[in-house]
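Okay, structure first, notes after.
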Amino acid sequence: MIIQLTHNQNTYEVDLSKPIDISIPLIEDENQVNCFYAPFFETAPVRMGDFVGSTAEGGAVNFLNVRINPHGNGTHTECVGHIAKEHYSINKCLKNYHKIAKLHTVIPTILENGDRVILKNQLEHLLEKNEVEAIIIRTIPNHLEKQNNKYSGTNPTFVHHEAIQYLVSMGIQHLLIDLPSVDREEDGGKLLAHKAFWQYPENTRENCTITELIYVDDKIKDGIYFLNLQIASFEIDVSPSKPILYQLHPKN
C-alpha cells in the first residue's frame with residue numbers, strides 16, 4: 001500500500017509494505033535487555049485444577065500470565081505520569097500515533113568524571129524550528145549488544161537537560177532514544193532531563209512522550225522518516241511500544 005502525505009508544504013509517498021522496526025523484542029531468556037535492576041520479563045501458564053494454559057504441557061491453548069516492568073524490560077514509551085504526582089496515563093496522553101521524525105546519530109561526550117553525555121552543542125543546528133514533531137537519537141557505539149545489555153549499575157550514556165531544553169524549544173514533542181533513560185542512572189532523584197522535556201510542573205506538556213531502549217540498526221541512514229508509534233492501551237504512565245519507521249519518498 002502506497003500513501004501520500006504532505007508535510008511543511010512538501011509532498012511525499014510512503015510504502016507501508018516496507019516497515020523498519022526499531023523496537024527491541026521482549027524475550028524470556030538471558031539475552032533480554034534490562035536496566036534499573038528491574039525484574040526480568042517472564043511468562044507462566046495459568047494453572048487451575050486440571051487446566052494448564054500451555055500447549056507444550058498438554059493444554060488445549062496457551063493462556064499465559066505475563067510479568068513485565070515496562071521501564072526496565074525493553075522498548076517503552078512513557079508520558080509525564082512517569083514523574084508527576086498527578087495521575088497521567090500513556091493511553092490518554094498519546095493520541096496521535098503518526099508523526100514525521102528525524103533520525104540523528106550522536107557520539108556522546110565523555111566528561112572528566114567518566115560520564116558519557118549528549119550535550120546541547122551536539123544537537124544545535126540539527127533542526128529548524130517546528131521542522132518535525134519527533135526526533136530519534138542513535139548513539140555511538142551502536143553494537144548489536146544494545147538489544148540484550150544489562151545496564152543496571154553501569155552508568156549508561158544520558159542526555160544533558162540543556163540539550164533537552166533545546167529540543168523542546170525547536171518544537172520536539174516526541175523523543176526516541178537507544179538508552180535506558182534520558183537522565184543519569186543515579187542522579188539523586190533530580191530527573192532534570194525528564195522535567196525539562198515535559199516542562200513539569202510549571203507548563204506540563206502532557207501530550208508529549210519519551211521512548212527509550214530502541215535499537216536503530218546501522219543500515220538505517222540518518223534523515224527524515226514517517227513514524228508510527230504503537231503502544232498498548234495501558235492506563236499507567238508507560239507501555240511497551242513498537243516504533244516503526246517508513247522511508248519518505250519526495251513526490252515530484
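Going through the C-alpha cells in order, the chains are called A, B, and so on, while each chain numbers its residues from 1 and the ligands are numbered from 1 in the order shown.
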
Once you count only C-alpha atoms, what closest atom pair and distance in Å to one decimal does each residue of segment 167-193 of chain A within 10 Å of segment 139-148 of chain A have, with rows by chain and rising residue number, as CSV?
```
residue,atom,partner,partner_atom,distance
A:Ile177,CA,A:Thr139,CA,8.1
A:Asp178,CA,A:Thr139,CA,6.8
A:Leu179,CA,A:Thr139,CA,8.1
A:Pro180,CA,A:Lys146,CA,10.0
```

Please save C-alpha atoms of the selected residues as a compact mmCIF listing (two decimals), in the first residue's frame.
```txt
# COMPACT_ATOMS: atom_id res chain seq x y z
CA ILE A 177 16.46 7.19 22.11
CA ASP A 178 18.50 3.98 22.36
CA LEU A 179 19.36 4.49 26.04
CA PRO A 180 17.72 3.22 29.24
```

Exercise for review: Write down as an MDAnalysis selection string the residues belonging to segment 104-210 of chain A that are assigned alpha helix (DSSP H) by DSSP computed on the backbone.
Suggested key: chainID A and resid 161:169 192:198

Check your understanding: Neighbours of Glu185 of chain A within 10 Å (only C-alpha atoms; same-chain residues fewer than 4 positions away dropped), as a PyMOL selection string?
Key -> chain A and resi 35-36+151-158+180-181+189+191

Limited to N, CA and C atoms, could you put the picked residues into a file as a compact mmCIF listing (two decimals), in the first residue's frame?
```
# COMPACT_ATOMS: atom_id res chain seq x y z
N CYS A 35 17.38 -3.01 32.66
CA CYS A 35 18.01 -1.86 33.31
C CYS A 35 17.30 -1.54 34.62
N PHE A 36 17.95 -0.73 35.43
CA PHE A 36 17.42 -0.26 36.72
C PHE A 36 17.04 -1.41 37.65
N TYR A 151 22.07 -3.11 31.78
CA TYR A 151 22.54 -1.76 32.03
C TYR A 151 22.67 -1.41 33.51
N SER A 152 22.04 -2.18 34.38
CA SER A 152 21.99 -1.81 35.80
C SER A 152 23.39 -1.65 36.39
N GLY A 153 23.60 -0.50 37.02
CA GLY A 153 24.86 -0.24 37.68
C GLY A 153 26.01 0.11 36.77
N THR A 154 25.73 0.41 35.49
CA THR A 154 26.81 0.68 34.53
C THR A 154 26.94 2.16 34.17
N ASN A 155 26.08 3.02 34.72
CA ASN A 155 26.09 4.45 34.41
C ASN A 155 26.07 4.69 32.90
N PRO A 156 24.99 4.30 32.23
CA PRO A 156 24.93 4.46 30.76
C PRO A 156 24.92 5.94 30.34
N THR A 157 25.12 6.12 29.07
CA THR A 157 25.01 7.46 28.47
C THR A 157 23.65 8.07 28.80
N PHE A 158 23.63 9.40 28.97
CA PHE A 158 22.36 10.11 29.20
C PHE A 158 22.40 11.44 28.47
N PRO A 180 18.71 3.57 28.21
CA PRO A 180 17.72 3.22 29.24
C PRO A 180 16.94 4.41 29.75
N SER A 181 17.57 5.60 29.72
CA SER A 181 16.91 6.79 30.26
C SER A 181 17.57 8.03 29.69
N GLY A 189 17.51 11.60 42.23
CA GLY A 189 16.09 11.90 42.02
C GLY A 189 15.83 13.25 41.37
N LEU A 191 16.14 14.12 38.08
CA LEU A 191 15.41 13.88 36.82
C LEU A 191 15.31 15.15 35.98
```

Practice item. Work out how far atom CA of Thr75 of chain A is from atom CA of Ile231 of chain A, in Å to one decimal. Key: 10.2 Å

Residues near segment 95-105 of chain A, cut-off 7 Å, only C-alpha atoms, skip fewer than 4 positions along chain, as a compact mmCIF listing (two decimals) with C-alpha atoms, in the first residue's frame:
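The file below, selection-v4.txt, is the result:
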```txt
# COMPACT_ATOMS: atom_id res chain seq x y z
CA VAL A 132 9.44 17.73 12.80
CA GLU A 133 7.43 16.54 15.81
CA ALA A 134 9.74 13.70 16.74
CA ILE A 135 13.47 13.10 16.98
CA ILE A 136 15.21 9.73 17.08
CA ILE A 137 18.70 9.68 18.59
CA ARG A 138 21.09 6.83 17.85
CA THR A 139 24.26 6.77 19.97
CA ASP A 222 20.14 9.50 9.28
CA GLY A 223 17.35 11.60 7.87
CA ILE A 224 13.60 12.20 7.82
CA TYR A 225 11.10 9.34 8.26
CA PHE A 226 7.42 8.68 8.72
CA LEU A 227 6.96 7.27 12.24
CA ASN A 228 4.19 5.04 13.57
CA LEU A 229 4.46 4.86 17.37
CA GLN A 230 2.47 1.89 18.64
```

Exercise for review: Just the residues within 8 Å of Tyr12 of chain A, please, counting only C-alpha atoms, with nothing from its chain fewer than 5 positions along; format it as a PyMOL selection string.
Suggested key: chain A and resi 4-7+248-251

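Once Lys18 of chain A and its same-chain neighbours fewer than 2 positions away are set aside, Val14, Asp15, Leu16, Ile20, Leu245, Tyr246 and Gln247 of chain A remain within 9 Å of it when counting only C-alpha atoms.
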
Review point. Could you work out how far atom CA of Ile236 of chain A lies from atom CA of Val80 of chain A, giving the answer in Å with one decimal?
Key: 10.4 Å

Point to revise | All strand (DSSP E or B) residues (DSSP, backbone) inside segment 61-244 of chain A, as a PyMOL selection string | key: chain A and resi 64-67+76-78+98-106+109-110+116-118+134-139+150+158-159+174-177+209-212+223-231+238-244

Next, the residues of the selection above should be written as a short mmCIF file (atom, residue, chain, number, x, y, z; two decimals), in the first residue's frame with N, CA and C atoms.
```cif
data_model
loop_
_atom_site.label_atom_id
_atom_site.label_comp_id
_atom_site.auth_asym_id
_atom_site.auth_seq_id
_atom_site.Cartn_x
_atom_site.Cartn_y
_atom_site.Cartn_z
N LEU A 64 -1.39 -17.43 29.14
CA LEU A 64 -0.24 -17.08 29.95
C LEU A 64 -0.44 -15.84 30.80
N ASN A 65 0.07 -15.89 32.02
CA ASN A 65 0.27 -14.67 32.80
C ASN A 65 1.60 -14.07 32.38
N VAL A 66 1.65 -12.73 32.37
CA VAL A 66 2.87 -12.03 31.95
C VAL A 66 3.31 -11.10 33.06
N ARG A 67 4.61 -11.16 33.40
CA ARG A 67 5.17 -10.19 34.35
C ARG A 67 6.14 -9.31 33.58
N HIS A 76 10.04 1.04 25.38
CA HIS A 76 8.83 1.52 26.06
C HIS A 76 8.64 3.00 25.79
N THR A 77 7.40 3.43 25.86
CA THR A 77 7.04 4.84 25.68
C THR A 77 6.36 5.32 26.94
N GLU A 78 6.83 6.45 27.44
CA GLU A 78 6.32 6.97 28.70
C GLU A 78 5.81 8.40 28.54
N HIS A 98 0.98 8.86 14.40
CA HIS A 98 1.76 9.02 13.17
C HIS A 98 2.41 10.40 13.18
N LYS A 99 3.72 10.41 12.91
CA LYS A 99 4.49 11.65 13.02
C LYS A 99 5.60 11.66 11.98
N ILE A 100 6.08 12.84 11.69
CA ILE A 100 7.31 12.97 10.91
C ILE A 100 8.46 13.06 11.91
N ALA A 101 9.47 12.23 11.71
CA ALA A 101 10.57 12.14 12.67
C ALA A 101 11.91 12.30 11.96
N LYS A 102 12.87 12.80 12.71
CA LYS A 102 14.23 12.95 12.18
C LYS A 102 15.18 12.08 12.98
N LEU A 103 15.94 11.24 12.28
CA LEU A 103 16.93 10.37 12.90
C LEU A 103 18.30 11.03 12.85
N HIS A 104 18.97 11.05 14.01
CA HIS A 104 20.30 11.68 14.09
C HIS A 104 21.21 10.80 14.93
N THR A 105 22.43 10.59 14.46
CA THR A 105 23.42 9.79 15.18
C THR A 105 24.38 10.70 15.93
N VAL A 106 24.64 10.34 17.19
CA VAL A 106 25.45 11.19 18.07
C VAL A 106 26.54 10.35 18.73
N THR A 109 29.67 12.78 24.46
CA THR A 109 30.85 13.42 25.02
C THR A 109 31.22 12.75 26.34
N ILE A 110 32.51 12.48 26.53
CA ILE A 110 32.97 11.87 27.78
C ILE A 110 33.51 12.98 28.68
N ARG A 116 29.21 9.74 30.19
CA ARG A 116 29.01 9.90 28.75
C ARG A 116 27.68 10.62 28.56
N VAL A 117 27.74 11.79 27.94
CA VAL A 117 26.59 12.69 27.91
C VAL A 117 26.38 13.25 26.51
N ILE A 118 25.13 13.39 26.12
CA ILE A 118 24.78 14.11 24.90
C ILE A 118 24.53 15.56 25.29
N ALA A 134 9.03 14.73 16.01
CA ALA A 134 9.74 13.70 16.74
C ALA A 134 11.20 13.64 16.32
N ILE A 135 12.06 13.32 17.28
CA ILE A 135 13.47 13.10 16.98
C ILE A 135 13.88 11.74 17.52
N ILE A 136 14.69 11.05 16.72
CA ILE A 136 15.21 9.73 17.08
C ILE A 136 16.73 9.87 17.21
N ILE A 137 17.25 9.54 18.37
CA ILE A 137 18.70 9.68 18.59
C ILE A 137 19.33 8.29 18.71
N ARG A 138 20.30 8.06 17.83
CA ARG A 138 21.09 6.83 17.85
C ARG A 138 22.49 7.19 18.36
N THR A 139 22.95 6.47 19.38
CA THR A 139 24.26 6.77 19.97
C THR A 139 25.32 5.80 19.47
N LYS A 150 22.76 -5.59 29.90
CA LYS A 150 22.31 -5.48 31.30
C LYS A 150 22.89 -4.16 31.81
N PHE A 158 23.63 9.40 28.97
CA PHE A 158 22.36 10.11 29.20
C PHE A 158 22.40 11.44 28.47
N VAL A 159 21.35 12.22 28.60
CA VAL A 159 21.20 13.48 27.87
C VAL A 159 21.21 14.64 28.85
N HIS A 174 8.11 14.46 20.72
CA HIS A 174 8.33 13.02 20.96
C HIS A 174 9.81 12.72 20.75
N LEU A 175 10.43 12.19 21.78
CA LEU A 175 11.85 11.87 21.76
C LEU A 175 12.01 10.36 21.85
N LEU A 176 12.76 9.79 20.91
CA LEU A 176 13.06 8.35 20.92
C LEU A 176 14.57 8.19 20.99
N ILE A 177 15.03 7.30 21.88
CA ILE A 177 16.46 7.19 22.11
C ILE A 177 16.83 5.75 22.46
N THR A 209 5.86 12.59 24.60
CA THR A 209 6.32 11.29 25.07
C THR A 209 7.83 11.12 24.90
N ILE A 210 8.37 10.23 25.73
CA ILE A 210 9.75 9.78 25.60
C ILE A 210 9.73 8.27 25.39
N THR A 211 10.43 7.81 24.37
CA THR A 211 10.56 6.38 24.11
C THR A 211 12.03 6.00 24.29
N GLU A 212 12.26 5.02 25.15
CA GLU A 212 13.63 4.61 25.49
C GLU A 212 13.87 3.15 25.11
N GLY A 223 18.22 10.87 8.77
CA GLY A 223 17.35 11.60 7.87
C GLY A 223 15.93 11.67 8.38
N ILE A 224 15.00 12.00 7.49
CA ILE A 224 13.60 12.20 7.82
C ILE A 224 12.82 10.93 7.50
N TYR A 225 11.92 10.54 8.43
CA TYR A 225 11.10 9.34 8.26
C TYR A 225 9.67 9.61 8.68
N PHE A 226 8.79 8.73 8.24
CA PHE A 226 7.42 8.68 8.72
C PHE A 226 7.40 7.68 9.87
N LEU A 227 6.92 8.09 11.03
CA LEU A 227 6.96 7.27 12.24
C LEU A 227 5.55 6.86 12.64
N ASN A 228 5.40 5.57 12.94
CA ASN A 228 4.19 5.04 13.57
C ASN A 228 4.59 4.55 14.95
N LEU A 229 4.10 5.20 15.99
CA LEU A 229 4.46 4.86 17.37
C LEU A 229 3.32 4.08 18.00
N GLN A 230 3.53 2.79 18.17
CA GLN A 230 2.47 1.89 18.64
C GLN A 230 2.66 1.56 20.11
N ILE A 231 1.55 1.62 20.87
CA ILE A 231 1.57 1.27 22.29
C ILE A 231 0.38 0.36 22.60
N VAL A 238 3.25 4.31 31.38
CA VAL A 238 4.16 3.75 30.38
C VAL A 238 3.56 2.52 29.74
N SER A 239 4.02 2.22 28.54
CA SER A 239 3.62 1.00 27.86
C SER A 239 4.80 0.46 27.06
N PRO A 240 4.92 -0.88 26.98
CA PRO A 240 5.83 -1.41 25.95
C PRO A 240 5.39 -0.84 24.61
N SER A 241 6.34 -0.58 23.73
CA SER A 241 5.97 0.08 22.48
C SER A 241 6.73 -0.48 21.29
N LYS A 242 6.24 -0.14 20.13
CA LYS A 242 6.81 -0.65 18.87
C LYS A 242 6.87 0.49 17.87
N PRO A 243 7.91 1.30 17.92
CA PRO A 243 8.07 2.37 16.92
C PRO A 243 8.50 1.79 15.58
N ILE A 244 7.77 2.19 14.54
CA ILE A 244 8.03 1.71 13.19
C ILE A 244 8.32 2.92 12.30
#
```

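With only C-alpha atoms as the atoms that count, the minimum distance from Val33 of chain A to the choices A:Tyr200, A:Phe51, A:Phe234, A:Tyr215 is reached by A:Tyr215.
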
Review point. Skipping near chain neighbours, those fewer than 4 positions away, what residues fall within 8 Å of Glu131 of chain A using only C-alpha atoms, listed as a PyMOL selection string?
Key: chain A and resi 8+127+170-171
